[in-house]
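Written out below as structure tokens is the structure these notes cover.
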Amino acid sequence: MSAKLLVTGASGQLGSLVVKHLLDTFNLPAANIVAGSRDTARLAGFAARGVETRTVDFDDVALVDSFAGIDRVLIISTDRLDVPGIRLKQHTAAVDAAKKAGVGRILYTSMPSADDNKITFGPDHFGTEEAIKASGLAYTIFRNGWYMENLFMSLPQAVASGQWYSAAGEGVIAHIGRDDIARAIAAGLVSPGDGNVTHTLTGLTAYTTDEIAAQVAEVTGKPLAVIHLDDEQLAGGMAAAGVPAPFIPTFVSFDTNTREGKIAMVTDDAEKLSGAKPVALKAFLEASKAALGA
Ligand SMILES: NC(=O)c1ccc[n+]([C@@H]2O[C@H](COP(=O)([O-])OP(=O)(O)OC[C@H]3O[C@@H](n4cnc5c(N)ncnc54)[C@H](OP(=O)(O)O)[C@@H]3O)[C@@H](O)[C@H]2O)c1
């Protein structure tokens, strides 16, 4: 009998793409897939295709039941950044439940340099990696690089004003499209190989903020100047722009992390896993012209 694979957070943006790739790219029979979410009503599309849906909530005391009969579970990291440390508690509960339920392998969505970075929530990921390793279960860790889609948090306003505020200095990032990450993870779920492995999933080329701005200007036809600030100035600007105070340290830490070279790596792990070359930043920007206000 073929392995039964559970994707948690299957109603989320990444989780739903992983399930889609399992079905459509890797042609896995629906009977081998279980889609989990806090709200199974949001999984109706997958249920209609014959995928079993289950309630999966890392805060639920009955979590172990959600993992019954599962051979491999993809634990998608949650979005709970509002309370520091809560994600680590959630992820650790998921690891414990997987172990108690007799799951054969844990796969987890971590971040690059989980053990050495400047991101405020970095310890959640590193702590989860450590908990997975301590569980004694076989594991696959995907250290997901920053999504290209993250650029939409700042670019539309920056393009409109012609100014992009940054404390990233000359630091570089090889952004990768969310869909390319999902395809690579789906491949790793289908064929995990033996033993324990950590993949770092990045885009093809690492660019400075100025280089990204130049590409954006070319694509939109609108000039875009990067205004280089230090962390304190960036935090002050965010506060003045109305960014809620609890989120400012996290947003600033992204730039600190980049400036200090903690997310400068470029790997071909995504292509090695899925067989598909990730989309280049320029092509992504071209395809996102409308969202950029071009
Ligand atoms: N690498 C990057 O650039 C980047 C950027 C943004 C986020 N992330 C991380 O990657 C994850 C997936 O990204 P995304 O774009 O798919 O974000 P998203 O659409 O906001 O998804 C959030 C995910 O968290 C899950 N979740 C929340 N609370 C949960 C709980 N109590 N128990 C189980 N699952 C819970 C949701 O599952 P259900 O709603 O289905 O229950 C959903 O899959 C995020 O949650 C975050 O940890 C990475």
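Letters A, B, ... mark the chains of the structure tokens in the order given; residue numbers begin at 1 per chain; ligand numbers begin at 1, in order shown.
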Could the residues of chain A that have an atom at most 7 Å from ligand 1 be listed as a Markdown table, each with its closest atom pair and the distance in Å to one decimal, counting only C-alpha atoms and all ligand atoms and ordered by chain and ascending residue number?
```
| residue | atom | partner | partner_atom_place_in_ligand_line | distance |
| --- | --- | --- | --- | --- |
| A:Thr8 | CA | ligand 1 | 34 (N) | 6.1 |
| A:Gly9 | CA | ligand 1 | 43 (O) | 3.1 |
| A:Ala10 | CA | ligand 1 | 40 (O) | 4.7 |
| A:Ser11 | CA | ligand 1 | 40 (O) | 3.8 |
| A:Gly12 | CA | ligand 1 | 43 (O) | 3.6 |
| A:Gln13 | CA | ligand 1 | 16 (O) | 3.6 |
| A:Leu14 | CA | ligand 1 | 16 (O) | 3.6 |
| A:Gly15 | CA | ligand 1 | 43 (O) | 5.5 |
| A:Gly36 | CA | ligand 1 | 40 (O) | 6.6 |
| A:Ser37 | CA | ligand 1 | 40 (O) | 3.7 |
| A:Arg38 | CA | ligand 1 | 41 (O) | 3.7 |
| A:Asp39 | CA | ligand 1 | 41 (O) | 6.0 |
| A:Val56 | CA | ligand 1 | 33 (C) | 5.8 |
| A:Asp57 | CA | ligand 1 | 32 (N) | 3.7 |
| A:Phe58 | CA | ligand 1 | 32 (N) | 3.9 |
| A:Asp59 | CA | ligand 1 | 31 (N) | 5.1 |
| A:Ile76 | CA | ligand 1 | 11 (C) | 5.8 |
| A:Ser77 | CA | ligand 1 | 47 (O) | 4.0 |
| A:Thr78 | CA | ligand 1 | 24 (O) | 3.6 |
| A:Asp79 | CA | ligand 1 | 45 (O) | 3.8 |
| A:Arg80 | CA | ligand 1 | 28 (N) | 6.5 |
| A:Gln90 | CA | ligand 1 | 31 (N) | 6.7 |
| A:Thr109 | CA | ligand 1 | 10 (O) | 6.7 |
| A:Met111 | CA | ligand 1 | 1 (N) | 6.5 |
| A:Asn144 | CA | ligand 1 | 1 (N) | 5.0 |
| A:Gly145 | CA | ligand 1 | 1 (N) | 5.0 |
| A:Trp146 | CA | ligand 1 | 3 (O) | 3.3 |
| A:Tyr147 | CA | ligand 1 | 3 (O) | 3.9 |
| A:Asn150 | CA | ligand 1 | 3 (O) | 6.0 |
```
Practice item. Check the DSSP output for the backbone and give back, as an MDAnalysis selection string, the residues of segment 140-286 of chain A in helix (DSSP H, G or I). Key: chainID A and resid 148:153 155:161 178:190 209:220 231:240 245:259 269:274 281:286
Go ahead and dump the residues you just picked, C-alpha atoms, as a PDB file, in the first residue's frame.
```pdb
ATOM      1  CA  MET A 148       8.918  36.833  -4.030  1.00  0.00           C
ATOM      2  CA  GLU A 149       5.330  37.585  -2.955  1.00  0.00           C
ATOM      3  CA  ASN A 150       6.700  39.254   0.227  1.00  0.00           C
ATOM      4  CA  LEU A 151       7.832  42.127  -1.995  1.00  0.00           C
ATOM      5  CA  PHE A 152       4.171  43.155  -2.300  1.00  0.00           C
ATOM      6  CA  MET A 153       4.262  44.204   1.358  1.00  0.00           C
ATOM      7  CA  LEU A 155       6.582  47.561  -3.422  1.00  0.00           C
ATOM      8  CA  PRO A 156       3.122  48.898  -4.438  1.00  0.00           C
ATOM      9  CA  GLN A 157       3.492  51.893  -2.082  1.00  0.00           C
ATOM     10  CA  ALA A 158       7.148  52.309  -3.047  1.00  0.00           C
ATOM     11  CA  VAL A 159       6.333  52.303  -6.762  1.00  0.00           C
ATOM     12  CA  ALA A 160       3.536  54.838  -6.177  1.00  0.00           C
ATOM     13  CA  SER A 161       5.821  57.225  -4.257  1.00  0.00           C
ATOM     14  CA  ARG A 178       5.813  30.562  -3.310  1.00  0.00           C
ATOM     15  CA  ASP A 179       4.700  28.151  -6.028  1.00  0.00           C
ATOM     16  CA  ASP A 180       8.279  26.992  -6.677  1.00  0.00           C
ATOM     17  CA  ILE A 181       8.674  26.283  -2.964  1.00  0.00           C
ATOM     18  CA  ALA A 182       5.382  24.357  -2.938  1.00  0.00           C
ATOM     19  CA  ARG A 183       6.446  22.250  -5.940  1.00  0.00           C
ATOM     20  CA  ALA A 184       9.783  21.387  -4.303  1.00  0.00           C
ATOM     21  CA  ILE A 185       8.111  20.484  -1.012  1.00  0.00           C
ATOM     22  CA  ALA A 186       5.526  18.317  -2.795  1.00  0.00           C
ATOM     23  CA  ALA A 187       8.390  16.494  -4.521  1.00  0.00           C
ATOM     24  CA  GLY A 188      10.084  15.952  -1.162  1.00  0.00           C
ATOM     25  CA  LEU A 189       6.843  14.579   0.291  1.00  0.00           C
ATOM     26  CA  VAL A 190       6.402  12.101  -2.544  1.00  0.00           C
ATOM     27  CA  THR A 209      17.611  46.124  -2.809  1.00  0.00           C
ATOM     28  CA  ASP A 210      19.024  48.596  -5.365  1.00  0.00           C
ATOM     29  CA  GLU A 211      19.219  45.831  -7.976  1.00  0.00           C
ATOM     30  CA  ILE A 212      15.634  44.776  -7.262  1.00  0.00           C
ATOM     31  CA  ALA A 213      14.517  48.419  -7.486  1.00  0.00           C
ATOM     32  CA  ALA A 214      16.224  48.744 -10.877  1.00  0.00           C
ATOM     33  CA  GLN A 215      14.339  45.685 -12.158  1.00  0.00           C
ATOM     34  CA  VAL A 216      11.061  47.038 -10.788  1.00  0.00           C
ATOM     35  CA  ALA A 217      11.683  50.405 -12.470  1.00  0.00           C
ATOM     36  CA  GLU A 218      12.384  48.670 -15.769  1.00  0.00           C
ATOM     37  CA  VAL A 219       9.232  46.565 -15.558  1.00  0.00           C
ATOM     38  CA  THR A 220       6.889  49.357 -14.413  1.00  0.00           C
ATOM     39  CA  ASP A 231      17.382  50.297  11.631  1.00  0.00           C
ATOM     40  CA  GLU A 232      16.301  53.088  13.963  1.00  0.00           C
ATOM     41  CA  GLN A 233      15.296  55.391  11.106  1.00  0.00           C
ATOM     42  CA  LEU A 234      13.393  52.564   9.418  1.00  0.00           C
ATOM     43  CA  ALA A 235      11.517  51.764  12.660  1.00  0.00           C
ATOM     44  CA  GLY A 236      10.671  55.470  13.091  1.00  0.00           C
ATOM     45  CA  GLY A 237       9.374  55.698   9.534  1.00  0.00           C
ATOM     46  CA  MET A 238       7.194  52.620  10.027  1.00  0.00           C
ATOM     47  CA  ALA A 239       5.737  54.049  13.244  1.00  0.00           C
ATOM     48  CA  ALA A 240       5.006  57.342  11.475  1.00  0.00           C
ATOM     49  CA  ALA A 245       4.102  48.850  17.138  1.00  0.00           C
ATOM     50  CA  PRO A 246       4.291  45.101  17.961  1.00  0.00           C
ATOM     51  CA  PHE A 247       5.155  44.283  14.329  1.00  0.00           C
ATOM     52  CA  ILE A 248       7.849  46.910  13.797  1.00  0.00           C
ATOM     53  CA  PRO A 249      10.774  44.979  15.378  1.00  0.00           C
ATOM     54  CA  THR A 250       9.980  41.969  13.166  1.00  0.00           C
ATOM     55  CA  PHE A 251       9.778  44.029   9.970  1.00  0.00           C
ATOM     56  CA  VAL A 252      13.041  45.832  10.822  1.00  0.00           C
ATOM     57  CA  SER A 253      14.712  42.511  11.632  1.00  0.00           C
ATOM     58  CA  PHE A 254      14.160  41.384   8.032  1.00  0.00           C
ATOM     59  CA  ASP A 255      16.410  44.210   6.831  1.00  0.00           C
ATOM     60  CA  THR A 256      18.985  43.686   9.594  1.00  0.00           C
ATOM     61  CA  ASN A 257      19.137  40.016   8.645  1.00  0.00           C
ATOM     62  CA  THR A 258      19.654  40.844   4.972  1.00  0.00           C
ATOM     63  CA  ARG A 259      22.254  43.534   5.658  1.00  0.00           C
ATOM     64  CA  ASP A 269      17.892  22.573  -3.899  1.00  0.00           C
ATOM     65  CA  ALA A 270      14.450  23.545  -5.244  1.00  0.00           C
ATOM     66  CA  GLU A 271      15.286  22.441  -8.789  1.00  0.00           C
ATOM     67  CA  LYS A 272      17.020  19.294  -7.551  1.00  0.00           C
ATOM     68  CA  LEU A 273      13.876  18.307  -5.667  1.00  0.00           C
ATOM     69  CA  SER A 274      11.194  19.167  -8.225  1.00  0.00           C
ATOM     70  CA  LEU A 281      12.652  37.587 -10.307  1.00  0.00           C
ATOM     71  CA  LYS A 282      12.322  39.597 -13.520  1.00  0.00           C
ATOM     72  CA  ALA A 283       9.738  37.185 -14.929  1.00  0.00           C
ATOM     73  CA  PHE A 284       7.822  37.282 -11.649  1.00  0.00           C
ATOM     74  CA  LEU A 285       7.802  41.092 -11.684  1.00  0.00           C
ATOM     75  CA  GLU A 286       6.655  41.126 -15.319  1.00  0.00           C
TER      76      GLU A 286
END
```
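Counting from atom CA of Lys118 of chain A, the distance to atom CA of Val279 of chain A is 27.0 Å.
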**Study point:** Selected residue, from A:Ser135, A:Ser66, A:Thr53, A:Thr128, that lies nearest to Asp96 of chain A when counting only C-alpha atoms
**Key:**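 Of A:Ser135, A:Ser66, A:Thr53, A:Thr128, the one nearest Asp96 of chain A is A:Ser135, counting only C-alpha atoms.
Atom CA of Gly177 of chain A is found 11.8 Å from atom CA of Ser288 of chain A.
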